[in-house]
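Asks: Just run12.pdb, nothing more (PDB, C-alpha atoms, pLDDT in the B column):
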```
MODEL        1
ATOM      1  CA  MET Z  11      -3.174  13.328  30.667  1.00 39.00           C
ATOM      2  CA  PRO Z  12      -0.647  10.449  30.487  1.00 44.00           C
ATOM      3  CA  SER Z  13       2.294  10.930  28.123  1.00 46.00           C
ATOM      4  CA  ILE Z  14       1.337   7.887  26.071  1.00 46.00           C
ATOM      5  CA  ASP Z  15      -2.021   9.503  25.334  1.00 52.00           C
ATOM      6  CA  ARG Z  16      -0.337  12.735  24.269  1.00 60.00           C
ATOM      7  CA  ALA Z  17       1.965  10.775  21.969  1.00 57.00           C
ATOM      8  CA  LYS Z  18      -0.985   9.044  20.366  1.00 54.00           C
ATOM      9  CA  LEU Z  19      -2.764  12.360  19.878  1.00 60.00           C
ATOM     10  CA  VAL Z  20       0.343  13.811  18.224  1.00 62.00           C
ATOM     11  CA  ARG Z  21       0.577  10.836  15.863  1.00 60.00           C
ATOM     12  CA  ILE Z  22      -3.089  11.097  14.972  1.00 56.00           C
ATOM     13  CA  ALA Z  23      -2.904  14.850  14.399  1.00 62.00           C
ATOM     14  CA  VAL Z  24       0.269  14.715  12.298  1.00 63.00           C
ATOM     15  CA  GLY Z  25      -0.977  11.737  10.299  1.00 60.00           C
ATOM     16  CA  PHE Z  26      -4.287  13.457   9.653  1.00 58.00           C
ATOM     17  CA  LEU Z  27      -2.688  16.721   8.526  1.00 64.00           C
ATOM     18  CA  VAL Z  28      -0.113  15.056   6.292  1.00 63.00           C
ATOM     19  CA  GLY Z  29      -2.684  12.662   4.857  1.00 61.00           C
ATOM     20  CA  ALA Z  30      -5.174  15.452   4.247  1.00 62.00           C
ATOM     21  CA  ALA Z  31      -2.595  17.629   2.497  1.00 64.00           C
ATOM     22  CA  VAL Z  32      -1.200  14.861   0.302  1.00 63.00           C
ATOM     23  CA  GLY Z  33      -4.665  13.462  -0.407  1.00 62.00           C
ATOM     24  CA  ALA Z  34      -6.126  16.840  -1.330  1.00 64.00           C
ATOM     25  CA  ALA Z  35      -3.237  17.688  -3.637  1.00 62.00           C
ATOM     26  CA  GLY Z  36      -3.259  14.283  -5.280  1.00 61.00           C
ATOM     27  CA  ALA Z  37      -7.034  14.206  -5.640  1.00 62.00           C
ATOM     28  CA  HIS Z  38      -6.997  17.650  -7.228  1.00 63.00           C
ATOM     29  CA  LEU Z  39      -4.375  16.599  -9.780  1.00 59.00           C
ATOM     30  CA  ILE Z  40      -6.191  13.369 -10.583  1.00 62.00           C
ATOM     31  CA  LEU Z  41      -9.670  14.877 -10.874  1.00 64.00           C
ATOM     32  CA  ALA Z  42      -8.344  17.741 -12.995  1.00 63.00           C
ATOM     33  CA  GLN Z  43      -7.559  15.144 -15.666  1.00 61.00           C
ATOM     34  CA  ALA Z  44     -10.455  12.822 -14.858  1.00 63.00           C
ATOM     35  CA  GLU Z  45     -11.796  12.792 -18.413  1.00 71.00           C
ATOM     36  CA  LEU Z  46      -8.584  11.120 -19.589  1.00 75.00           C
ATOM     37  CA  PHE Z  47      -8.922   8.161 -17.227  1.00 82.00           C
ATOM     38  CA  SER Z  48     -11.339   5.267 -16.955  1.00 83.00           C
ATOM     39  CA  ALA Z  49     -13.187   4.543 -13.719  1.00 83.00           C
ATOM     40  CA  ALA Z  50     -10.713   1.746 -12.944  1.00 87.00           C
ATOM     41  CA  ASP Z  51      -7.823   4.147 -13.565  1.00 88.00           C
ATOM     42  CA  LEU Z  52      -9.252   6.734 -11.155  1.00 86.00           C
ATOM     43  CA  ILE Z  53      -9.791   4.161  -8.409  1.00 87.00           C
ATOM     44  CA  GLY Z  54      -6.319   2.757  -9.035  1.00 88.00           C
ATOM     45  CA  LEU Z  55      -4.750   6.213  -8.818  1.00 87.00           C
ATOM     46  CA  PHE Z  56      -6.454   6.883  -5.495  1.00 86.00           C
ATOM     47  CA  VAL Z  57      -5.183   3.529  -4.207  1.00 89.00           C
ATOM     48  CA  ALA Z  58      -1.708   4.473  -5.459  1.00 90.00           C
ATOM     49  CA  LEU Z  59      -2.006   7.818  -3.677  1.00 86.00           C
ATOM     50  CA  LEU Z  60      -2.894   6.092  -0.408  1.00 86.00           C
ATOM     51  CA  LEU Z  61       0.019   3.682  -0.750  1.00 89.00           C
ATOM     52  CA  ALA Z  62       2.567   6.347  -1.633  1.00 88.00           C
ATOM     53  CA  GLY Z  63       1.319   8.759   1.035  1.00 84.00           C
ATOM     54  CA  SER Z  64       1.401   6.180   3.824  1.00 84.00           C
ATOM     55  CA  GLY Z  65       4.811   5.009   2.616  1.00 88.00           C
ATOM     56  CA  LEU Z  66       6.303   8.510   2.707  1.00 87.00           C
ATOM     57  CA  TYR Z  67       4.924   9.049   6.204  1.00 84.00           C
ATOM     58  CA  THR Z  68       6.371   5.729   7.392  1.00 84.00           C
ATOM     59  CA  LEU Z  69       9.736   6.581   5.835  1.00 85.00           C
ATOM     60  CA  PHE Z  70       9.682   9.910   7.648  1.00 84.00           C
ATOM     61  CA  ILE Z  71       8.955   8.195  10.966  1.00 82.00           C
ATOM     62  CA  GLY Z  72      11.876   5.808  10.446  1.00 77.00           C
ATOM     63  CA  VAL Z  73      14.433   8.521   9.656  1.00 76.00           C
ATOM     64  CA  ASN Z  74      15.916   8.488  13.157  1.00 74.00           C
ATOM     65  CA  ALA Z  75      15.175   7.446  16.728  1.00 73.00           C
ATOM     66  CA  ALA Z  76      14.027  10.911  17.811  1.00 70.00           C
ATOM     67  CA  THR Z  77      11.423  11.171  15.046  1.00 72.00           C
ATOM     68  CA  TYR Z  78      10.171   7.652  15.677  1.00 71.00           C
ATOM     69  CA  ARG Z  79       9.898   8.308  19.409  1.00 69.00           C
ATOM     70  CA  ARG Z  80       7.695  11.353  18.724  1.00 69.00           C
ATOM     71  CA  LEU Z  81       5.526   9.951  15.932  1.00 65.00           C
ATOM     72  CA  GLY Z  82       5.915   6.167  15.882  1.00 62.00           C
ATOM     73  CA  SER Z  83       4.271   3.458  17.953  1.00 60.00           C
ATOM     74  CA  GLY Z  84       5.366   0.401  19.892  1.00 58.00           C
ATOM     75  CA  VAL Z  85       7.912   2.284  22.040  1.00 57.00           C
ATOM     76  CA  GLU Z  86       7.344   2.966  25.715  1.00 57.00           C
ATOM     77  CA  PRO Z  87       7.669   6.591  26.909  1.00 58.00           C
ATOM     78  CA  GLY Z  88      11.297   7.458  27.626  1.00 58.00           C
ATOM     79  CA  GLU Z  89      12.644   4.531  25.583  1.00 63.00           C
ATOM     80  CA  ALA Z  90      14.389   4.763  22.217  1.00 63.00           C
ATOM     81  CA  PRO Z  91      13.490   2.516  19.260  1.00 67.00           C
ATOM     82  CA  ASP Z  92      16.196   0.041  18.348  1.00 69.00           C
ATOM     83  CA  ALA Z  93      17.839  -0.248  14.939  1.00 75.00           C
ATOM     84  CA  ASP Z  94      15.621  -3.165  13.905  1.00 76.00           C
ATOM     85  CA  LEU Z  95      12.444  -1.154  14.502  1.00 78.00           C
ATOM     86  CA  LEU Z  96      13.751   1.799  12.484  1.00 80.00           C
ATOM     87  CA  ARG Z  97      14.839  -0.547   9.689  1.00 84.00           C
ATOM     88  CA  PHE Z  98      11.417  -2.193   9.666  1.00 84.00           C
ATOM     89  CA  ALA Z  99       9.719   1.217   9.361  1.00 83.00           C
ATOM     90  CA  ARG Z 100      11.982   2.290   6.495  1.00 87.00           C
ATOM     91  CA  ARG Z 101      11.512  -0.976   4.599  1.00 88.00           C
ATOM     92  CA  THR Z 102       7.751  -0.817   5.070  1.00 89.00           C
ATOM     93  CA  GLY Z 103       7.784   2.743   3.752  1.00 89.00           C
ATOM     94  CA  VAL Z 104       9.856   1.758   0.713  1.00 91.00           C
ATOM     95  CA  VAL Z 105       7.462  -1.082  -0.129  1.00 92.00           C
ATOM     96  CA  SER Z 106       4.418   1.217   0.096  1.00 91.00           C
ATOM     97  CA  VAL Z 107       6.023   3.992  -1.965  1.00 92.00           C
ATOM     98  CA  LEU Z 108       7.146   1.553  -4.664  1.00 93.00           C
ATOM     99  CA  ALA Z 109       3.693  -0.056  -4.740  1.00 93.00           C
ATOM    100  CA  GLY Z 110       2.107   3.366  -5.168  1.00 92.00           C
ATOM    101  CA  LEU Z 111       4.481   4.327  -7.986  1.00 92.00           C
ATOM    102  CA  LEU Z 112       3.988   0.999  -9.747  1.00 93.00           C
ATOM    103  CA  PHE Z 113       0.218   1.210  -9.499  1.00 91.00           C
ATOM    104  CA  ALA Z 114       0.105   4.797 -10.768  1.00 90.00           C
ATOM    105  CA  ALA Z 115       2.540   4.309 -13.634  1.00 92.00           C
ATOM    106  CA  PRO Z 116       0.424   2.401 -16.229  1.00 92.00           C
ATOM    107  CA  PRO Z 117      -2.558   4.804 -16.443  1.00 89.00           C
ATOM    108  CA  ILE Z 118      -0.355   7.917 -16.282  1.00 88.00           C
ATOM    109  CA  VAL Z 119       2.062   6.629 -18.921  1.00 89.00           C
ATOM    110  CA  THR Z 120      -0.832   5.643 -21.169  1.00 85.00           C
ATOM    111  CA  ILE Z 121      -2.315   9.154 -21.356  1.00 83.00           C
ATOM    112  CA  LEU Z 122       1.136  10.596 -22.125  1.00 81.00           C
ATOM    113  CA  THR Z 123       1.233   8.399 -25.281  1.00 77.00           C
ATOM    114  CA  PRO Z 124       5.019   8.035 -25.542  1.00 78.00           C
ATOM    115  CA  ALA Z 125       6.719   6.335 -28.493  1.00 83.00           C
ATOM    116  CA  ARG Z 126       6.780   2.550 -28.639  1.00 82.00           C
ATOM    117  CA  GLY Z 127      10.444   2.381 -27.740  1.00 84.00           C
ATOM    118  CA  THR Z 128       9.889   4.632 -24.731  1.00 88.00           C
ATOM    119  CA  LEU Z 129       6.976   2.462 -23.608  1.00 90.00           C
ATOM    120  CA  THR Z 130       9.229  -0.586 -23.735  1.00 91.00           C
ATOM    121  CA  ALA Z 131      11.866   1.171 -21.644  1.00 92.00           C
ATOM    122  CA  ILE Z 132       9.251   2.283 -19.087  1.00 92.00           C
ATOM    123  CA  TYR Z 133       7.874  -1.248 -18.914  1.00 93.00           C
ATOM    124  CA  ALA Z 134      11.392  -2.552 -18.262  1.00 95.00           C
ATOM    125  CA  ALA Z 135      11.775   0.014 -15.464  1.00 94.00           C
ATOM    126  CA  ILE Z 136       8.458  -1.136 -13.975  1.00 94.00           C
ATOM    127  CA  ALA Z 137       9.671  -4.740 -14.065  1.00 95.00           C
ATOM    128  CA  ALA Z 138      12.890  -3.680 -12.300  1.00 95.00           C
ATOM    129  CA  LEU Z 139      10.935  -1.825  -9.616  1.00 93.00           C
ATOM    130  CA  ILE Z 140       8.750  -4.886  -9.043  1.00 93.00           C
ATOM    131  CA  ALA Z 141      11.912  -6.943  -8.530  1.00 94.00           C
ATOM    132  CA  ILE Z 142      13.197  -4.396  -5.995  1.00 94.00           C
ATOM    133  CA  GLU Z 143       9.860  -4.260  -4.175  1.00 92.00           C
ATOM    134  CA  SER Z 144       9.714  -8.057  -4.050  1.00 92.00           C
ATOM    135  CA  TRP Z 145      13.227  -8.207  -2.578  1.00 93.00           C
ATOM    136  CA  VAL Z 146      12.393  -5.633   0.125  1.00 91.00           C
ATOM    137  CA  ASN Z 147       9.156  -7.506   0.874  1.00 89.00           C
ATOM    138  CA  LEU Z 148      11.136 -10.718   1.217  1.00 88.00           C
ATOM    139  CA  LYS Z 149      13.506  -9.013   3.669  1.00 87.00           C
ATOM    140  CA  LEU Z 150      10.508  -7.800   5.693  1.00 84.00           C
ATOM    141  CA  TRP Z 151       9.172 -11.351   5.793  1.00 83.00           C
ATOM    142  CA  MET Z 152      12.501 -12.956   6.704  1.00 83.00           C
ATOM    143  CA  ASP Z 153      13.385 -10.396   9.385  1.00 81.00           C
ATOM    144  CA  GLY Z 154       9.853  -9.986  10.725  1.00 75.00           C
ATOM    145  CA  ASP Z 155       8.606 -11.556  13.917  1.00 77.00           C
ATOM    146  CA  GLU Z 156       5.728 -14.016  14.282  1.00 81.00           C
ATOM    147  CA  LEU Z 157       3.159 -11.215  14.407  1.00 80.00           C
ATOM    148  CA  VAL Z 158       4.326  -9.707  11.115  1.00 81.00           C
ATOM    149  CA  ARG Z 159       4.247 -13.065   9.377  1.00 84.00           C
ATOM    150  CA  ALA Z 160       0.854 -13.918  10.835  1.00 86.00           C
ATOM    151  CA  VAL Z 161      -0.622 -10.640   9.551  1.00 85.00           C
ATOM    152  CA  VAL Z 162       0.791 -11.230   6.061  1.00 86.00           C
ATOM    153  CA  VAL Z 163      -0.508 -14.806   5.896  1.00 88.00           C
ATOM    154  CA  ARG Z 164      -3.920 -13.887   7.314  1.00 89.00           C
ATOM    155  CA  SER Z 165      -4.348 -10.963   4.919  1.00 90.00           C
ATOM    156  CA  ALA Z 166      -3.375 -13.089   1.935  1.00 90.00           C
ATOM    157  CA  ALA Z 167      -5.713 -15.905   2.988  1.00 91.00           C
ATOM    158  CA  ILE Z 168      -8.703 -13.581   3.443  1.00 91.00           C
ATOM    159  CA  CYS Z 169      -8.090 -11.949   0.084  1.00 91.00           C
ATOM    160  CA  PHE Z 170      -7.739 -15.320  -1.629  1.00 91.00           C
ATOM    161  CA  TRP Z 171     -10.982 -16.760  -0.253  1.00 90.00           C
ATOM    162  CA  LEU Z 172     -12.855 -13.522  -0.806  1.00 89.00           C
ATOM    163  CA  LEU Z 173     -11.638 -12.718  -4.304  1.00 92.00           C
ATOM    164  CA  GLN Z 174     -11.365 -16.192  -5.790  1.00 91.00           C
ATOM    165  CA  GLY Z 175     -15.117 -16.621  -5.402  1.00 89.00           C
ATOM    166  CA  LEU Z 176     -15.848 -13.146  -6.770  1.00 90.00           C
ATOM    167  CA  PHE Z 177     -13.481 -13.546  -9.726  1.00 92.00           C
ATOM    168  CA  PHE Z 178     -14.830 -17.022 -10.503  1.00 93.00           C
ATOM    169  CA  LEU Z 179     -18.413 -15.795 -10.553  1.00 93.00           C
ATOM    170  CA  TRP Z 180     -17.492 -12.905 -12.839  1.00 92.00           C
ATOM    171  CA  ALA Z 181     -15.411 -15.128 -15.146  1.00 92.00           C
ATOM    172  CA  ALA Z 182     -18.230 -17.652 -15.345  1.00 94.00           C
ATOM    173  CA  ALA Z 183     -20.779 -14.932 -16.163  1.00 95.00           C
ATOM    174  CA  GLU Z 184     -18.417 -13.499 -18.782  1.00 93.00           C
ATOM    175  CA  ARG Z 185     -17.815 -16.913 -20.364  1.00 93.00           C
ATOM    176  CA  MET Z 186     -21.571 -17.506 -20.479  1.00 94.00           C
ATOM    177  CA  THR Z 187     -21.977 -14.105 -22.183  1.00 92.00           C
ATOM    178  CA  LEU Z 188     -24.139 -12.822 -19.344  1.00 94.00           C
ATOM    179  CA  VAL Z 189     -21.877  -9.779 -18.861  1.00 91.00           C
ATOM    180  CA  ASP Z 190     -19.500  -7.846 -21.071  1.00 90.00           C
ATOM    181  CA  PRO Z 191     -15.805  -8.781 -20.861  1.00 89.00           C
ATOM    182  CA  ILE Z 192     -13.555  -6.556 -18.807  1.00 88.00           C
ATOM    183  CA  GLY Z 193      -9.792  -6.259 -18.923  1.00 87.00           C
ATOM    184  CA  SER Z 194      -7.225  -7.450 -16.413  1.00 90.00           C
ATOM    185  CA  TRP Z 195      -6.515  -3.899 -15.207  1.00 92.00           C
ATOM    186  CA  PRO Z 196      -9.922  -3.393 -13.497  1.00 91.00           C
ATOM    187  CA  LEU Z 197      -9.531  -6.797 -11.846  1.00 91.00           C
ATOM    188  CA  LEU Z 198      -6.087  -5.811 -10.584  1.00 91.00           C
ATOM    189  CA  VAL Z 199      -7.533  -2.585  -9.173  1.00 91.00           C
ATOM    190  CA  VAL Z 200     -10.166  -4.600  -7.301  1.00 91.00           C
ATOM    191  CA  LEU Z 201      -7.481  -6.990  -6.037  1.00 91.00           C
ATOM    192  CA  MET Z 202      -5.160  -4.247  -4.814  1.00 90.00           C
ATOM    193  CA  GLY Z 203      -7.928  -2.159  -3.284  1.00 90.00           C
ATOM    194  CA  THR Z 204      -9.310  -5.180  -1.444  1.00 92.00           C
ATOM    195  CA  TYR Z 205      -5.885  -6.202  -0.182  1.00 90.00           C
ATOM    196  CA  LEU Z 206      -5.197  -2.688   1.085  1.00 89.00           C
ATOM    197  CA  VAL Z 207      -8.430  -2.663   3.101  1.00 89.00           C
ATOM    198  CA  VAL Z 208      -7.967  -6.222   4.385  1.00 91.00           C
ATOM    199  CA  ALA Z 209      -4.304  -5.787   5.319  1.00 88.00           C
ATOM    200  CA  THR Z 210      -5.020  -2.535   7.160  1.00 86.00           C
ATOM    201  CA  THR Z 211      -7.938  -4.089   9.047  1.00 87.00           C
ATOM    202  CA  VAL Z 212      -5.976  -7.208   9.990  1.00 86.00           C
ATOM    203  CA  SER Z 213      -2.983  -5.098  11.108  1.00 82.00           C
ATOM    204  CA  VAL Z 214      -5.149  -2.955  13.375  1.00 77.00           C
ATOM    205  CA  ARG Z 215      -7.110  -5.867  14.839  1.00 80.00           C
ATOM    206  CA  SER Z 216      -3.979  -7.927  15.466  1.00 77.00           C
ATOM    207  CA  GLY Z 217      -2.166  -5.056  17.170  1.00 66.00           C
ATOM    208  CA  LEU Z 218       0.586  -4.759  14.550  1.00 64.00           C
ATOM    209  CA  ALA Z 219      -0.351  -1.119  13.971  1.00 58.00           C
ATOM    210  CA  GLU Z 220       0.713  -0.433  17.556  1.00 57.00           C
ATOM    211  CA  HIS Z 221       4.137  -1.954  16.980  1.00 54.00           C
TER     212      HIS Z 221
ENDMDL
END
```
What do you get writing this file as structure tokens?

Replies:
Amino acid sequence: MPSIDRAKLVRIAVGFLVGAAVGAAGAHLILAQAELFSAADLIGLFVALLLAGSGLYTLFIGVNAATYRRLGSGVEPGEAPDADLLRFARRTGVVSVLAGLLFAAPPIVTILTPARGTLTAIYAAIAALIAIESWVNLKLWMDGDELVRAVVVRSAAICFWLLQGLFFLWAAAERMTLVDPIGSWPLLVVLMGTYLVVATTVSVRSGLAEH
């Protein structure tokens, strides 16, 4: 069996085991308190779990050249990943982890019912984390190659054309009193869940997942 095939099998096996362990633990914790969350909260927490889990795995891959060579992709057998590739992996991991934390924070904080002043402080921390995530995302965009930028633009375009029609139809039905109003949080969950699926699909089909 060629070495590249063995490397791919190792990545698949490790990713599956880590994902299964993190997913099972997170799902158990979430479902144990399921009665405290709405349906949108539960879906959002699972999305947050996926984001944080994939981010931690990507951070682990980008720790050093040896780890990336064993578990990463886009490096020929016998070659070592350069500093830019390791930096890209770490930044991607940071963005995913921060996105997961930000998405999980509102429903979790809500059921803890902290004092008003504490809520304000937590909200300020969330705003600060969004600023940090946006800065890291900007660095990924500025330092990324044409493939990275193409995947980002394509994912955003697909989500826009897909969701703008869906959101318009729902808003129109709500305004015409054909359906009950829903809050902005469920819509955000739909947006983030859709983007996660679209971005993953576009990355795989474009070959970015192999780089």

Asks: With distances taken over all atoms listed in the file, which residue among Z:Gln174, Z:Thr102, Z:Thr187, Z:Thr130 lies nearest Leu150 of chain Z?

Replies: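 Among the listed residues, the smallest separation from Leu150 of chain Z belongs to Z:Thr102.
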
Asks: Please write out, as AutoDock Vina command-line options, where the centre of an axis-aligned box around all listed atoms of segment 205-215 of chain Z lies and how long its edges are, in Å to one decimal, after adding 8 Å on each side.

Replies:
```
--center_x -5.7 --center_y -4.9 --center_z 7.3 --size_x 21.4 --size_y 20.7 --size_z 31.0
```

Asks: Would you translate the PyMOL selection byres ((chain Z and resi 100) around 9) into the concrete set of residues it matches in this file, as a list of chain:residue names?

Replies: Z:Gly65, Z:Thr68, Z:Leu69, Z:Phe70, Z:Ile71, Z:Gly72, Z:Val73, Z:Leu95, Z:Leu96, Z:Arg97, Z:Phe98, Z:Ala99, Z:Arg101, Z:Thr102, Z:Gly103, Z:Val104, Z:Val105

Asks: Please compute the atom CA of Ala138 of chain Z-atom CA of Val207 of chain Z distance, one decimal, in Å.

Replies: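 Between atom CA of Ala138 of chain Z and atom CA of Val207 of chain Z the gap works out to 26.3 Å.
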
Asks: Kindly extract all protein, DNA and RNA residues lying within 9 Å of the coordinates (-3.7, -11.8, 8.8) given in the file, considering only C-alpha atoms, and supply them as an MDAnalysis selection string.

Replies: chainID Z and resid 157:168 208:209 211:213 216

Asks: Point out the residue among Z:Pro124, Z:Gly110, Z:Pro196, Z:Pro116 with the least atom-to-atom distance to Phe177 of chain Z, counting only C-alpha atoms.

Replies: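 For Phe177 of chain Z, the nearest of the candidates is Z:Pro196.
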
Asks: Could you tell me how far atom CA of Leu108 of chain Z sits from atom CA of Tyr205 of chain Z, in Å to one decimal place?

Replies: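 Between atom CA of Tyr205 of chain Z and atom CA of Leu108 of chain Z the gap is 15.8 Å.
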